[in-house]
Amino acid sequence: GRDRHAWGAHRPVGLPRGLPRRGRVRVRVFNLGGELVRTMSDGEREAGTATFSWDGRNDAGSLVPNGVYFISMSSPSGMTSRRVIVLKR
């Protein structure tokens, strides 16, 4: 499902997901234009609950500008995404 969260510099956004079996998990952040901003995970994970947290930074380590982003997770159990609105003071 899609949820909306406002993000501030002090609040990481998590994406919990149950993994019924071992498999490849990809967690990526995209901007509103569909460009890849950050790859948070791309590899094998054991079964269980996995929580990924985005700190609002891109792959270069810089804070992203204000705007709408999507955290997307694909795994053997399917795909989920979360819309995140980045608002910084």
# chains A, B, ... in the order shown; residues from 1 in each chain; ligands from 1

call {"tool": "residues_around", "arguments": {"residues": "Arg21 of chain A", "least_positions_apart": "5", "cutoff": "10 Å", "atoms": "only C-alpha atoms", "output": "PyMOL selection string"}}
result
chain A and resi 45-48+75-77

call {"tool": "write_last_selection", "arguments": {"atoms": "N, CA and C atoms", "output": "PDB file, in the first residue's frame"}}
result
ATOM      1  N   ARG A  45      18.541 -11.385   1.664  1.00  0.00           N
ATOM      2  CA  ARG A  45      18.145 -11.216   3.062  1.00  0.00           C
ATOM      3  C   ARG A  45      17.533 -12.512   3.557  1.00  0.00           C
ATOM      4  N   GLU A  46      17.719 -12.771   4.838  1.00  0.00           N
ATOM      5  CA  GLU A  46      17.093 -13.930   5.472  1.00  0.00           C
ATOM      6  C   GLU A  46      15.610 -13.641   5.704  1.00  0.00           C
ATOM      7  N   ALA A  47      14.820 -14.692   5.898  1.00  0.00           N
ATOM      8  CA  ALA A  47      13.400 -14.541   6.213  1.00  0.00           C
ATOM      9  C   ALA A  47      13.248 -13.812   7.545  1.00  0.00           C
ATOM     10  N   GLY A  48      12.137 -13.135   7.694  1.00  0.00           N
ATOM     11  CA  GLY A  48      11.865 -12.394   8.924  1.00  0.00           C
ATOM     12  C   GLY A  48      11.407 -10.990   8.583  1.00  0.00           C
ATOM     13  N   SER A  75      10.680  -7.635  -3.090  1.00  0.00           N
ATOM     14  CA  SER A  75      11.184  -8.828  -2.416  1.00  0.00           C
ATOM     15  C   SER A  75      10.418 -10.025  -2.960  1.00  0.00           C
ATOM     16  N   PRO A  76      10.796 -11.242  -2.541  1.00  0.00           N
ATOM     17  CA  PRO A  76      10.040 -12.422  -2.984  1.00  0.00           C
ATOM     18  C   PRO A  76       8.555 -12.348  -2.612  1.00  0.00           C
ATOM     19  N   SER A  77       8.203 -11.560  -1.603  1.00  0.00           N
ATOM     20  CA  SER A  77       6.801 -11.467  -1.192  1.00  0.00           C
ATOM     21  C   SER A  77       6.043 -10.359  -1.917  1.00  0.00           C
TER      22      SER A  77
END
